[in-house]
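Visitor: Quick one, entry_31.cif (mmCIF, C-alpha atoms):
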data_structure
#
loop_
_atom_site.group_PDB
_atom_site.id
_atom_site.type_symbol
_atom_site.label_atom_id
_atom_site.label_comp_id
_atom_site.auth_asym_id
_atom_site.auth_seq_id
_atom_site.Cartn_x
_atom_site.Cartn_y
_atom_site.Cartn_z
ATOM 1 C CA MET P 1 12.899 -9.981 14.652
ATOM 2 C CA GLY P 2 12.426 -6.973 12.373
ATOM 3 C CA TYR P 3 11.776 -3.551 13.861
ATOM 4 C CA ASP P 4 8.233 -3.213 12.501
ATOM 5 C CA LEU P 5 7.307 -6.758 13.460
ATOM 6 C CA SER P 6 8.393 -6.070 17.043
ATOM 7 C CA ILE P 7 6.087 -3.028 17.097
ATOM 8 C CA PHE P 8 3.165 -5.132 15.878
ATOM 9 C CA LEU P 9 3.925 -7.698 18.585
ATOM 10 C CA HIS P 10 3.901 -5.027 21.306
ATOM 11 C CA ILE P 11 0.645 -3.576 19.977
ATOM 12 C CA GLY P 12 -0.966 -7.014 20.049
ATOM 13 C CA GLN P 13 0.277 -7.583 23.586
ATOM 14 C CA ALA P 14 -1.189 -4.213 24.661
ATOM 15 C CA VAL P 15 -4.576 -5.130 23.195
ATOM 16 C CA LEU P 16 -4.536 -8.516 24.914
ATOM 17 C CA ALA P 17 -3.786 -6.769 28.217
ATOM 18 C CA GLY P 18 -6.686 -4.342 27.709
ATOM 19 C CA LEU P 19 -4.342 -1.351 27.373
ATOM 20 C CA ASN P 20 -4.300 1.574 24.948
ATOM 21 C CA PRO P 21 -2.537 0.203 21.821
ATOM 22 C CA TYR P 22 -1.439 3.737 20.894
ATOM 23 C CA ALA P 23 0.734 3.966 23.987
ATOM 24 C CA VAL P 24 3.153 1.716 22.060
ATOM 25 C CA HIS P 25 5.876 3.717 20.306
ATOM 26 C CA ASP P 26 5.193 4.172 16.555
ATOM 27 C CA SER P 27 1.681 2.707 16.816
ATOM 28 C CA MET P 28 -0.270 4.523 14.098
ATOM 29 C CA TYR P 29 -2.444 1.939 12.369
ATOM 30 C CA PRO P 30 -6.265 2.254 12.394
ATOM 31 C CA PRO P 31 -7.962 0.657 15.412
ATOM 32 C CA ALA P 32 -9.242 -2.335 13.440
ATOM 33 C CA MET P 33 -5.663 -3.143 12.400
ATOM 34 C CA THR P 34 -4.420 -2.954 15.987
ATOM 35 C CA MET P 35 -7.021 -5.573 16.910
ATOM 36 C CA LEU P 36 -5.588 -7.932 14.266
ATOM 37 C CA PHE P 37 -2.102 -7.575 15.739
ATOM 38 C CA VAL P 38 -3.373 -9.757 18.594
ATOM 39 C CA ILE P 39 -2.540 -12.685 16.285
ATOM 40 C CA PHE P 40 1.152 -11.841 16.707
ATOM 41 C CA ALA P 41 0.814 -11.773 20.484
ATOM 42 C CA TRP P 42 -0.607 -15.302 20.430
ATOM 43 C CA MET P 43 2.462 -16.718 18.666
ATOM 44 C CA PRO P 44 5.607 -17.896 20.484
ATOM 45 C CA PRO P 45 8.093 -15.006 20.068
ATOM 46 C CA SER P 46 10.821 -17.358 18.831
ATOM 47 C CA LEU P 47 8.580 -18.530 15.964
ATOM 48 C CA LEU P 48 6.965 -15.216 15.097
ATOM 49 C CA ALA P 49 9.606 -13.938 12.651
ATOM 50 C CA PRO P 50 10.070 -17.180 10.644
ATOM 51 C CA LEU P 51 6.319 -17.836 10.497
ATOM 52 C CA TRP P 52 5.607 -14.276 9.372
ATOM 53 C CA MET P 53 8.365 -14.497 6.749
ATOM 54 C CA ALA P 54 7.014 -17.794 5.426
ATOM 55 C CA PHE P 55 3.477 -16.393 5.303
ATOM 56 C CA ASN P 56 4.688 -13.356 3.349
ATOM 57 C CA ALA P 57 6.639 -15.559 0.945
ATOM 58 C CA PHE P 58 3.493 -17.620 0.298
ATOM 59 C CA LEU P 59 1.413 -14.489 -0.386
ATOM 60 C CA LEU P 60 4.055 -13.063 -2.722
ATOM 61 C CA VAL P 61 4.224 -16.299 -4.708
ATOM 62 C CA ASP P 62 0.438 -16.577 -4.882
ATOM 63 C CA GLY P 63 0.016 -12.912 -5.826
ATOM 64 C CA THR P 64 2.572 -13.033 -8.633
ATOM 65 C CA ARG P 65 1.069 -16.317 -9.849
ATOM 66 C CA ARG P 66 -2.329 -14.644 -10.064
ATOM 67 C CA GLN P 67 -0.711 -11.906 -12.154
ATOM 68 C CA LYS P 68 1.008 -14.523 -14.340
ATOM 69 C CA GLN P 69 4.393 -13.244 -13.191
ATOM 70 C CA PRO P 70 7.521 -15.230 -12.197
ATOM 71 C CA SER P 71 7.929 -15.146 -8.425
ATOM 72 C CA ILE P 72 11.705 -15.531 -8.049
ATOM 73 C CA PRO P 73 12.777 -12.231 -9.711
ATOM 74 C CA TRP P 74 10.364 -10.236 -7.542
ATOM 75 C CA LEU P 75 12.069 -11.592 -4.426
ATOM 76 C CA PHE P 76 14.960 -9.263 -5.315
ATOM 77 C CA PHE P 77 12.732 -6.195 -5.609
ATOM 78 C CA THR P 78 14.017 -3.891 -2.851
ATOM 79 C CA PRO P 79 10.575 -3.145 -1.299
ATOM 80 C CA VAL P 80 10.083 -6.926 -0.995
ATOM 81 C CA LEU P 81 13.513 -7.385 0.581
ATOM 82 C CA PHE P 82 12.673 -4.557 2.983
ATOM 83 C CA MET P 83 9.429 -6.308 3.981
ATOM 84 C CA PHE P 84 11.341 -9.471 4.887
ATOM 85 C CA MET P 85 14.005 -7.542 6.819
ATOM 86 C CA THR P 86 11.645 -5.403 8.893
ATOM 87 C CA GLY P 87 8.480 -7.504 9.099
ATOM 88 C CA GLN P 88 6.334 -4.770 7.541
ATOM 89 C CA ILE P 89 2.830 -5.702 6.389
ATOM 90 C CA ASP P 90 2.696 -4.434 2.806
ATOM 91 C CA ILE P 91 2.972 -7.865 1.135
ATOM 92 C CA PRO P 92 -0.438 -8.989 2.495
ATOM 93 C CA PHE P 93 -1.913 -5.723 1.222
ATOM 94 C CA TYR P 94 -0.287 -6.237 -2.186
ATOM 95 C CA TRP P 95 -1.855 -9.718 -2.203
ATOM 96 C CA LEU P 96 -5.273 -8.197 -1.507
ATOM 97 C CA THR P 97 -4.907 -5.954 -4.570
ATOM 98 C CA THR P 98 -4.553 -9.017 -6.804
ATOM 99 C CA HIS P 99 -8.143 -9.980 -5.914
ATOM 100 C CA LEU P 100 -9.820 -6.697 -6.858
ATOM 101 C CA LYS P 101 -10.879 -7.996 -10.263
ATOM 102 C CA GLY P 102 -12.122 -11.343 -9.003
ATOM 103 C CA GLY P 103 -15.626 -12.284 -7.914
ATOM 104 C CA LYS P 104 -17.697 -9.414 -6.578
ATOM 105 C CA ARG P 105 -17.823 -10.595 -2.968
ATOM 106 C CA THR P 106 -14.086 -11.285 -2.884
ATOM 107 C CA ALA P 107 -13.262 -7.924 -4.489
ATOM 108 C CA ILE P 108 -15.538 -6.042 -2.088
ATOM 109 C CA LEU P 109 -14.068 -7.736 0.984
ATOM 110 C CA CYS P 110 -10.484 -7.172 -0.192
ATOM 111 C CA ALA P 111 -11.235 -3.520 -0.995
ATOM 112 C CA ALA P 112 -12.617 -3.076 2.513
ATOM 113 C CA LEU P 113 -9.602 -4.778 4.126
ATOM 114 C CA LEU P 114 -7.241 -2.492 2.195
ATOM 115 C CA THR P 115 -8.513 0.411 4.318
ATOM 116 C CA LEU P 116 -6.714 -1.162 7.299
ATOM 117 C CA LYS P 117 -3.674 0.670 5.884
ATOM 118 C CA PRO P 118 -5.160 3.984 4.639
ATOM 119 C CA GLN P 119 -2.140 5.181 2.634
ATOM 120 C CA ILE P 120 -2.351 2.002 0.540
ATOM 121 C CA ALA P 121 -6.112 2.328 0.132
ATOM 122 C CA LEU P 122 -5.634 5.871 -1.188
ATOM 123 C CA VAL P 123 -3.294 4.547 -3.881
ATOM 124 C CA VAL P 124 -5.321 1.532 -4.957
ATOM 125 C CA LEU P 125 -9.007 2.225 -4.415
ATOM 126 C CA PRO P 126 -9.929 5.472 -6.287
ATOM 127 C CA PRO P 127 -10.203 3.886 -9.782
ATOM 128 C CA VAL P 128 -11.841 0.757 -8.319
ATOM 129 C CA LEU P 129 -14.532 2.732 -6.506
ATOM 130 C CA LEU P 130 -15.130 4.897 -9.580
ATOM 131 C CA ARG P 131 -15.539 1.746 -11.690
ATOM 132 C CA TRP P 132 -18.111 0.408 -9.248
ATOM 133 C CA PHE P 133 -19.908 3.748 -9.218
ATOM 134 C CA ARG P 134 -20.196 3.597 -13.006
ATOM 135 C CA GLU P 135 -20.919 -0.091 -13.475
ATOM 136 C CA ASP P 136 -22.478 -1.554 -10.313
ATOM 137 C CA ARG P 137 -23.393 0.728 -7.427
ATOM 138 C CA ARG P 138 -24.481 -2.255 -5.372
ATOM 139 C CA CYS P 139 -20.784 -3.136 -5.048
ATOM 140 C CA LEU P 140 -20.147 0.354 -3.738
ATOM 141 C CA ALA P 141 -22.997 0.091 -1.215
ATOM 142 C CA GLN P 142 -21.752 -3.306 -0.034
ATOM 143 C CA TRP P 143 -18.218 -1.910 0.297
ATOM 144 C CA PHE P 144 -19.492 0.884 2.558
ATOM 145 C CA ALA P 145 -21.392 -1.700 4.619
ATOM 146 C CA ALA P 146 -18.232 -3.803 4.997
ATOM 147 C CA LEU P 147 -16.301 -0.683 6.059
ATOM 148 C CA ALA P 148 -18.904 0.135 8.689
ATOM 149 C CA ILE P 149 -18.657 -3.351 10.193
ATOM 150 C CA ILE P 150 -14.834 -3.617 10.117
ATOM 151 C CA HIS P 151 -14.178 -0.179 11.563
ATOM 152 C CA SER P 152 -16.949 -0.285 14.168
ATOM 153 C CA LEU P 153 -15.742 -3.458 15.842
ATOM 154 C CA PRO P 154 -12.869 -1.731 17.741
ATOM 155 C CA LEU P 155 -15.469 0.346 19.595
ATOM 156 C CA LEU P 156 -16.422 -2.847 21.402
ATOM 157 C CA TYR P 157 -12.882 -2.855 22.788
ATOM 158 C CA ASN P 158 -12.763 0.826 23.776
ATOM 159 C CA LEU P 159 -15.229 3.610 22.983
ATOM 160 C CA HIS P 160 -12.382 6.158 22.943
ATOM 161 C CA ILE P 161 -10.031 4.207 20.695
ATOM 162 C CA TYR P 162 -10.511 6.509 17.696
ATOM 163 C CA GLU P 163 -9.590 9.489 19.849
ATOM 164 C CA TYR P 164 -6.370 7.716 20.812
ATOM 165 C CA TRP P 165 -5.646 6.914 17.174
ATOM 166 C CA LEU P 166 -6.129 10.472 15.914
ATOM 167 C CA ALA P 167 -3.939 11.794 18.725
ATOM 168 C CA SER P 168 -1.160 9.395 17.679
ATOM 169 C CA LEU P 169 -1.095 10.670 14.084
ATOM 170 C CA THR P 170 -0.219 14.345 14.552
ATOM 171 C CA GLY P 171 3.578 14.255 14.841
ATOM 172 C CA PRO P 172 4.365 11.077 12.860
ATOM 173 C CA SER P 173 2.174 12.162 9.913
ATOM 174 C CA HIS P 174 4.120 15.400 9.579
ATOM 175 C CA ASP P 175 7.416 13.490 9.751
ATOM 176 C CA ARG P 176 6.211 11.031 7.118
ATOM 177 C CA ILE P 177 5.466 13.865 4.680
ATOM 178 C CA ALA P 178 8.996 15.163 5.190
ATOM 179 C CA ILE P 179 10.532 11.853 3.995
ATOM 180 C CA SER P 180 8.046 10.891 1.276
ATOM 181 C CA SER P 181 9.667 9.551 -1.875
ATOM 182 C CA GLY P 182 7.507 11.174 -4.555
ATOM 183 C CA VAL P 183 7.418 14.791 -5.701
ATOM 184 C CA PHE P 184 7.402 15.911 -2.063
ATOM 185 C CA SER P 185 11.072 14.966 -1.900
ATOM 186 C CA PHE P 186 11.794 18.074 -3.982
ATOM 187 C CA PRO P 187 12.867 21.003 -1.740
ATOM 188 C CA PHE P 188 10.511 23.279 -3.721
ATOM 189 C CA PHE P 189 7.466 21.485 -2.387
ATOM 190 C CA ALA P 190 8.683 21.908 1.183
ATOM 191 C CA VAL P 191 8.488 25.706 0.841
ATOM 192 C CA SER P 192 5.343 25.778 -1.305
ATOM 193 C CA PRO P 193 2.836 23.561 0.544
ATOM 194 C CA ILE P 194 -0.271 25.143 -1.009
ATOM 195 C CA PHE P 195 1.015 24.473 -4.522
ATOM 196 C CA ALA P 196 2.108 20.983 -3.486
ATOM 197 C CA TYR P 197 -1.320 19.967 -2.243
ATOM 198 C CA ALA P 198 -2.952 21.492 -5.323
ATOM 199 C CA VAL P 199 -0.725 19.223 -7.423
ATOM 200 C CA VAL P 200 -1.689 16.214 -5.305
ATOM 201 C CA LEU P 201 -5.399 16.978 -5.639
ATOM 202 C CA GLY P 202 -5.107 17.454 -9.401
ATOM 203 C CA VAL P 203 -3.166 14.224 -9.872
ATOM 204 C CA ALA P 204 -5.617 12.295 -7.673
ATOM 205 C CA VAL P 205 -8.619 13.494 -9.691
ATOM 206 C CA TRP P 206 -6.866 12.727 -12.995
ATOM 207 C CA ALA P 207 -5.634 9.332 -11.787
ATOM 208 C CA ALA P 208 -9.083 8.195 -10.669
ATOM 209 C CA PHE P 209 -10.186 8.225 -14.325
ATOM 210 C CA GLN P 210 -7.172 6.275 -15.627
ATOM 211 C CA GLU P 211 -6.648 2.548 -15.865
ATOM 212 C CA GLU P 212 -5.624 1.112 -12.532
ATOM 213 C CA GLY P 213 -1.889 0.707 -13.209
ATOM 214 C CA ILE P 214 -1.460 4.314 -14.334
ATOM 215 C CA ALA P 215 -3.545 5.488 -11.391
ATOM 216 C CA ARG P 216 -1.348 3.661 -8.873
ATOM 217 C CA ALA P 217 1.891 5.001 -10.341
ATOM 218 C CA ALA P 218 0.540 8.559 -10.524
ATOM 219 C CA ILE P 219 -0.762 8.586 -6.951
ATOM 220 C CA LEU P 220 2.480 7.076 -5.636
ATOM 221 C CA LEU P 221 4.361 9.844 -7.441
ATOM 222 C CA ALA P 222 2.192 12.613 -5.985
ATOM 223 C CA SER P 223 1.334 11.305 -2.513
ATOM 224 C CA PRO P 224 2.877 13.040 0.511
ATOM 225 C CA VAL P 225 2.443 10.024 2.800
ATOM 226 C CA ASN P 226 3.604 7.013 0.773
ATOM 227 C CA LEU P 227 7.152 5.865 1.395
ATOM 228 C CA TRP P 228 9.440 4.190 -1.135
ATOM 229 C CA TYR P 229 8.505 0.638 -0.200
ATOM 230 C CA ASP P 230 4.847 1.284 -1.055
ATOM 231 C CA ASN P 231 5.962 0.838 -4.671
ATOM 232 C CA ILE P 232 5.405 -2.832 -3.891
ATOM 233 C CA LEU P 233 1.886 -2.073 -5.178
ATOM 234 C CA LEU P 234 3.348 -1.914 -8.720
ATOM 235 C CA ILE P 235 4.488 -5.551 -8.711
ATOM 236 C CA GLY P 236 3.191 -7.264 -11.832
ATOM 237 C CA ILE P 237 2.162 -3.988 -13.436
ATOM 238 C CA ILE P 238 5.702 -3.123 -14.592
ATOM 239 C CA PRO P 239 7.969 -5.855 -16.083
ATOM 240 C CA TRP P 240 10.381 -7.191 -13.498
ATOM 241 C CA GLN P 241 13.239 -6.829 -15.997
ATOM 242 C CA ILE P 242 12.809 -3.041 -15.656
ATOM 243 C CA PHE P 243 11.585 -2.625 -12.115
ATOM 244 C CA VAL P 244 13.840 -4.970 -10.127
ATOM 245 C CA PRO P 245 17.176 -3.571 -11.434
ATOM 246 C CA LEU P 246 15.792 -0.024 -11.127
ATOM 247 C CA SER P 247 14.822 -0.648 -7.495
ATOM 248 C CA LEU P 248 18.328 -1.887 -6.673
ATOM 249 C CA ALA P 249 19.897 1.141 -8.369
ATOM 250 C CA THR P 250 17.624 3.667 -6.653
ATOM 251 C CA PHE P 251 18.203 2.022 -3.282
ATOM 252 C CA ALA P 252 21.966 2.230 -3.755
ATOM 253 C CA ALA P 253 21.710 5.888 -4.822
ATOM 254 C CA ALA P 254 19.470 6.756 -1.848
ATOM 255 C CA ALA P 255 21.906 5.083 0.548
ATOM 256 C CA LEU P 256 24.851 6.919 -1.024
ATOM 257 C CA LEU P 257 23.124 10.320 -0.957
ATOM 258 C CA GLN P 258 21.369 9.732 2.393
ATOM 259 C CA ASN P 259 18.196 11.088 0.781
ATOM 260 C CA SER P 260 14.922 9.550 -0.360
ATOM 261 C CA PHE P 261 14.859 11.543 -3.612
ATOM 262 C CA PRO P 262 16.241 8.771 -5.906
ATOM 263 C CA PHE P 263 13.198 6.625 -5.125
ATOM 264 C CA ILE P 264 11.087 9.048 -7.163
ATOM 265 C CA PHE P 265 12.314 7.182 -10.247
ATOM 266 C CA LEU P 266 10.283 4.091 -9.271
ATOM 267 C CA PRO P 267 6.785 5.594 -9.722
ATOM 268 C CA LEU P 268 8.011 8.060 -12.377
ATOM 269 C CA THR P 269 9.461 5.343 -14.597
ATOM 270 C CA SER P 270 6.333 3.257 -14.069
ATOM 271 C CA LEU P 271 4.074 6.122 -15.078
ATOM 272 C CA VAL P 272 6.073 6.890 -18.240
ATOM 273 C CA TYR P 273 6.178 3.196 -19.176
ATOM 274 C CA LEU P 274 2.438 2.655 -18.681
ATOM 275 C CA ILE P 275 1.367 5.811 -20.512
ATOM 276 C CA THR P 276 3.674 4.955 -23.427
ATOM 277 C CA LYS P 277 2.342 1.405 -23.521
ATOM 278 C CA GLN P 278 -1.238 2.687 -23.473
ATOM 279 C CA LYS P 279 -0.575 5.055 -26.384
ATOM 280 C CA ASN P 280 1.096 2.302 -28.393
ATOM 281 C CA CYS P 281 -1.869 0.011 -27.759
ATOM 282 C CA THR P 282 -4.257 2.733 -28.916
ATOM 283 C CA LEU P 283 -2.354 3.069 -32.195
ATOM 284 C CA SER P 284 -1.883 -0.663 -32.709
ATOM 285 C CA SER P 285 -4.970 -2.609 -33.664
ATOM 286 C CA PRO P 286 -3.704 -6.070 -32.497
ATOM 287 C CA CYS P 287 -2.588 -4.607 -29.184
ATOM 288 C CA HIS P 288 -5.903 -2.810 -28.812
ATOM 289 C CA LYS P 289 -7.825 -6.029 -29.393
ATOM 290 C CA LYS P 290 -5.620 -7.890 -26.935
ATOM 291 C CA SER P 291 -6.289 -5.322 -24.192
#
For this file, produce the structure as structure tokens.
Guide:
Amino acid sequence: MGYDLSIFLHIGQAVLAGLNPYAVHDSMYPPAMTMLFVIFAWMPPSLLAPLWMAFNAFLLVDGTRRQKQPSIPWLFFTPVLFMFMTGQIDIPFYWLTTHLKGGKRTAILCAALLTLKPQIALVVLPPVLLRWFREDRRCLAQWFAALAIIHSLPLLYNLHIYEYWLASLTGPSHDRIAISSGVFSFPFFAVSPIFAYAVVLGVAVWAAFQEEGIARAAILLASPVNLWYDNILLIGIIPWQIFVPLSLATFAAAALLQNSFPFIFLPLTSLVYLITKQKNCTLSSPCHKKS
């Protein structure tokens, strides 16, 4: 059983026992997510890992199919391999992102569920919410209503659960910033935090007004809290022929150097590719019509 999956199992067991889920080591997910981990506690431990792996494989295949992408090459994308090895939960969140341009109700529900992992929501949702604000504010109102319902339910379990959650974030959040794989991996940003956060704010504002692929790559590049495997959110946006070999090369370099810095080339290459493609489409009339 992968390390992360074992944590989720212990969190689910704590919830079932009526205990504080944040007493579990490395428990940092929002309260509503900890309630969902009860599903893991209901499964036989011997079947948990294979069932979770099969479920993730199904979601990856379905998500890439929805993006009209071949599934097999993306199985060798290092963030995907990492998900299968550790039992992390990013593949289901990637799958949710493939529904954001579907029917309104589906898109609203998926956008609300993405907030169960806030660092992913911060990458994916800014351009989506801005689009709704411009085009259909009813979607935005319904999204807020869905948020209120999802994130209020844990209060039925324990009125103090949000206090426990916030207390659990202090140390781990600081550690996460220290090993982020974007621009924060540069030593300069470690000694210039004010400048670093100004850069993040500027990129976030700029990215919110870009098309969704560019926005994701830019926010992943600038975010202090997204780790290298969160680049799974770029599946289907960048051609696998570029991204899969690049992910293997950056993983090898990071392992050799014992440093997360090489992973910066994942969002950076994606951003350069997408901006170049956008400019070429602007200059090319057939490409412009196709888009």
Visitor: Which residues would end up in the selection if the PyMOL selection byres ((chain P and resi 97) around 10) were applied here, given that I need the answer as a list in words?
Guide: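 Applied to this file, the PyMOL selection byres ((chain P and resi 97) around 10) selects Gly63, Ile91, Pro92, Phe93, Tyr94, Trp95, Leu96, Thr98, His99, Leu100, Lys101, Ala107, Cys110, Ala111, Leu113, Leu114, Ile120, Ala121, Val124, Leu125 and Leu233 of chain P.
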Visitor: For the PyMOL selection byres ((chain P and resi 127) around 8), applied here, can you spell out every residue it catches as JSON, numbers by chain?
Guide: {"P": [124, 125, 126, 128, 129, 130, 131, 207, 208, 209, 210, 211, 212, 215]}
Visitor: Filtering to C-alpha atoms, could you give me those residues as a compact mmCIF listing (two decimals), keeping the file's coordinate frame?
Guide:
# COMPACT_ATOMS: atom_id res chain seq x y z
CA VAL P 124 -5.32 1.53 -4.96
CA LEU P 125 -9.01 2.22 -4.42
CA PRO P 126 -9.93 5.47 -6.29
CA VAL P 128 -11.84 0.76 -8.32
CA LEU P 129 -14.53 2.73 -6.51
CA LEU P 130 -15.13 4.90 -9.58
CA ARG P 131 -15.54 1.75 -11.69
CA ALA P 207 -5.63 9.33 -11.79
CA ALA P 208 -9.08 8.20 -10.67
CA PHE P 209 -10.19 8.22 -14.32
CA GLN P 210 -7.17 6.28 -15.63
CA GLU P 211 -6.65 2.55 -15.86
CA GLU P 212 -5.62 1.11 -12.53
CA ALA P 215 -3.54 5.49 -11.39
Visitor: Quick one: of P:Met35, P:Ala145, P:Leu109, P:Leu122, who's nearest to Val205 (chain P), counting all atoms listed in the file?
Guide: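 Closest residue, counting all atoms listed in the file: P:Leu122.
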Visitor: Compute the distance from (-0.6, 3.6, -2.5) to each atom, counting only C-alpha atoms, keep the residues with any atom at most 9 Å away, and return them as a list in words; use the coordinates of the file.
Guide: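 With a cut-off of 9 Å, the residues come to Pro118, Gln119, Ile120, Ala121, Leu122, Val123, Val124, Leu125, Arg216, Ala217, Ile219, Leu220, Ser223, Val225, Asn226, Leu227, Asp230, Asn231, Ile232 and Leu233 of chain P.
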Visitor: Kindly provide, as JSON, the centre and edge lengths (Å, one decimal) of an axis-aligned box around all atoms of region 125-131 of chain P given in the file, with 4 Å on each side.
Guide:
{"center_x": -12.3, "center_y": 3.1, "center_z": -8.1, "size_x": 14.5, "size_y": 12.7, "size_z": 15.3}
Visitor: Using only C-alpha atoms, find the one residue out of P:Phe251, P:Trp74, P:Phe58, P:Phe8 that sits nearest to Phe40 (chain P).
Guide: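 Selected residue with least distance to Phe40 (chain P): P:Phe8.
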Visitor: What does the distance from CA of Asp4 (chain P) to CA of Pro50 (chain P) come to in Å, to one decimal?
Guide: 14.2 Å
Visitor: Please produce region 139-154 of chain P, completed to N, CA, C and O atoms, as a PDB file, keeping the file's coordinate frame.
Guide:
ATOM      1  N   CYS P 139     -22.124  -2.810  -5.586  1.00  0.00           N
ATOM      2  CA  CYS P 139     -20.784  -3.136  -5.048  1.00  0.00           C
ATOM      3  C   CYS P 139     -20.312  -2.015  -4.137  1.00  0.00           C
ATOM      4  O   CYS P 139     -19.735  -2.277  -3.061  1.00  0.00           O
ATOM      5  N   LEU P 140     -20.573  -0.792  -4.539  1.00  0.00           N
ATOM      6  CA  LEU P 140     -20.147   0.354  -3.738  1.00  0.00           C
ATOM      7  C   LEU P 140     -20.887   0.378  -2.410  1.00  0.00           C
ATOM      8  O   LEU P 140     -20.287   0.613  -1.349  1.00  0.00           O
ATOM      9  N   ALA P 141     -22.197   0.110  -2.443  1.00  0.00           N
ATOM     10  CA  ALA P 141     -22.997   0.091  -1.215  1.00  0.00           C
ATOM     11  C   ALA P 141     -22.529  -1.026  -0.275  1.00  0.00           C
ATOM     12  O   ALA P 141     -22.418  -0.829   0.946  1.00  0.00           O
ATOM     13  N   GLN P 142     -22.224  -2.187  -0.855  1.00  0.00           N
ATOM     14  CA  GLN P 142     -21.752  -3.306  -0.034  1.00  0.00           C
ATOM     15  C   GLN P 142     -20.363  -3.021   0.541  1.00  0.00           C
ATOM     16  O   GLN P 142     -20.048  -3.444   1.653  1.00  0.00           O
ATOM     17  N   TRP P 143     -19.538  -2.292  -0.210  1.00  0.00           N
ATOM     18  CA  TRP P 143     -18.218  -1.910   0.297  1.00  0.00           C
ATOM     19  C   TRP P 143     -18.364  -0.987   1.508  1.00  0.00           C
ATOM     20  O   TRP P 143     -17.689  -1.166   2.513  1.00  0.00           O
ATOM     21  N   PHE P 144     -19.259  -0.014   1.424  1.00  0.00           N
ATOM     22  CA  PHE P 144     -19.492   0.884   2.558  1.00  0.00           C
ATOM     23  C   PHE P 144     -20.015   0.102   3.770  1.00  0.00           C
ATOM     24  O   PHE P 144     -19.640   0.388   4.911  1.00  0.00           O
ATOM     25  N   ALA P 145     -20.875  -0.887   3.516  1.00  0.00           N
ATOM     26  CA  ALA P 145     -21.392  -1.700   4.619  1.00  0.00           C
ATOM     27  C   ALA P 145     -20.272  -2.501   5.277  1.00  0.00           C
ATOM     28  O   ALA P 145     -20.195  -2.588   6.513  1.00  0.00           O
ATOM     29  N   ALA P 146     -19.372  -3.063   4.450  1.00  0.00           N
ATOM     30  CA  ALA P 146     -18.232  -3.803   4.997  1.00  0.00           C
ATOM     31  C   ALA P 146     -17.323  -2.889   5.806  1.00  0.00           C
ATOM     32  O   ALA P 146     -16.827  -3.259   6.879  1.00  0.00           O
ATOM     33  N   LEU P 147     -17.103  -1.661   5.320  1.00  0.00           N
ATOM     34  CA  LEU P 147     -16.301  -0.683   6.059  1.00  0.00           C
ATOM     35  C   LEU P 147     -16.911  -0.398   7.430  1.00  0.00           C
ATOM     36  O   LEU P 147     -16.206  -0.334   8.440  1.00  0.00           O
ATOM     37  N   ALA P 148     -18.224  -0.192   7.434  1.00  0.00           N
ATOM     38  CA  ALA P 148     -18.904   0.135   8.689  1.00  0.00           C
ATOM     39  C   ALA P 148     -18.720  -0.978   9.719  1.00  0.00           C
ATOM     40  O   ALA P 148     -18.475  -0.718  10.906  1.00  0.00           O
ATOM     41  N   ILE P 149     -18.804  -2.214   9.270  1.00  0.00           N
ATOM     42  CA  ILE P 149     -18.657  -3.351  10.193  1.00  0.00           C
ATOM     43  C   ILE P 149     -17.214  -3.447  10.699  1.00  0.00           C
ATOM     44  O   ILE P 149     -16.965  -3.526  11.907  1.00  0.00           O
ATOM     45  N   ILE P 150     -16.243  -3.430   9.750  1.00  0.00           N
ATOM     46  CA  ILE P 150     -14.834  -3.617  10.117  1.00  0.00           C
ATOM     47  C   ILE P 150     -14.363  -2.538  11.081  1.00  0.00           C
ATOM     48  O   ILE P 150     -13.702  -2.818  12.089  1.00  0.00           O
ATOM     49  N   HIS P 151     -14.724  -1.289  10.782  1.00  0.00           N
ATOM     50  CA  HIS P 151     -14.178  -0.179  11.563  1.00  0.00           C
ATOM     51  C   HIS P 151     -15.039   0.197  12.773  1.00  0.00           C
ATOM     52  O   HIS P 151     -14.655   1.086  13.539  1.00  0.00           O
ATOM     53  N   SER P 152     -16.157  -0.480  12.956  1.00  0.00           N
ATOM     54  CA  SER P 152     -16.949  -0.285  14.168  1.00  0.00           C
ATOM     55  C   SER P 152     -16.583  -1.275  15.264  1.00  0.00           C
ATOM     56  O   SER P 152     -16.760  -0.992  16.450  1.00  0.00           O
ATOM     57  N   LEU P 153     -16.055  -2.421  14.863  1.00  0.00           N
ATOM     58  CA  LEU P 153     -15.742  -3.458  15.842  1.00  0.00           C
ATOM     59  C   LEU P 153     -14.784  -2.994  16.949  1.00  0.00           C
ATOM     60  O   LEU P 153     -14.968  -3.388  18.110  1.00  0.00           O
ATOM     61  N   PRO P 154     -13.765  -2.164  16.656  1.00  0.00           N
ATOM     62  CA  PRO P 154     -12.869  -1.731  17.741  1.00  0.00           C
ATOM     63  C   PRO P 154     -13.559  -0.945  18.853  1.00  0.00           C
ATOM     64  O   PRO P 154     -13.047  -0.870  19.969  1.00  0.00           O
TER      65      PRO P 154
END
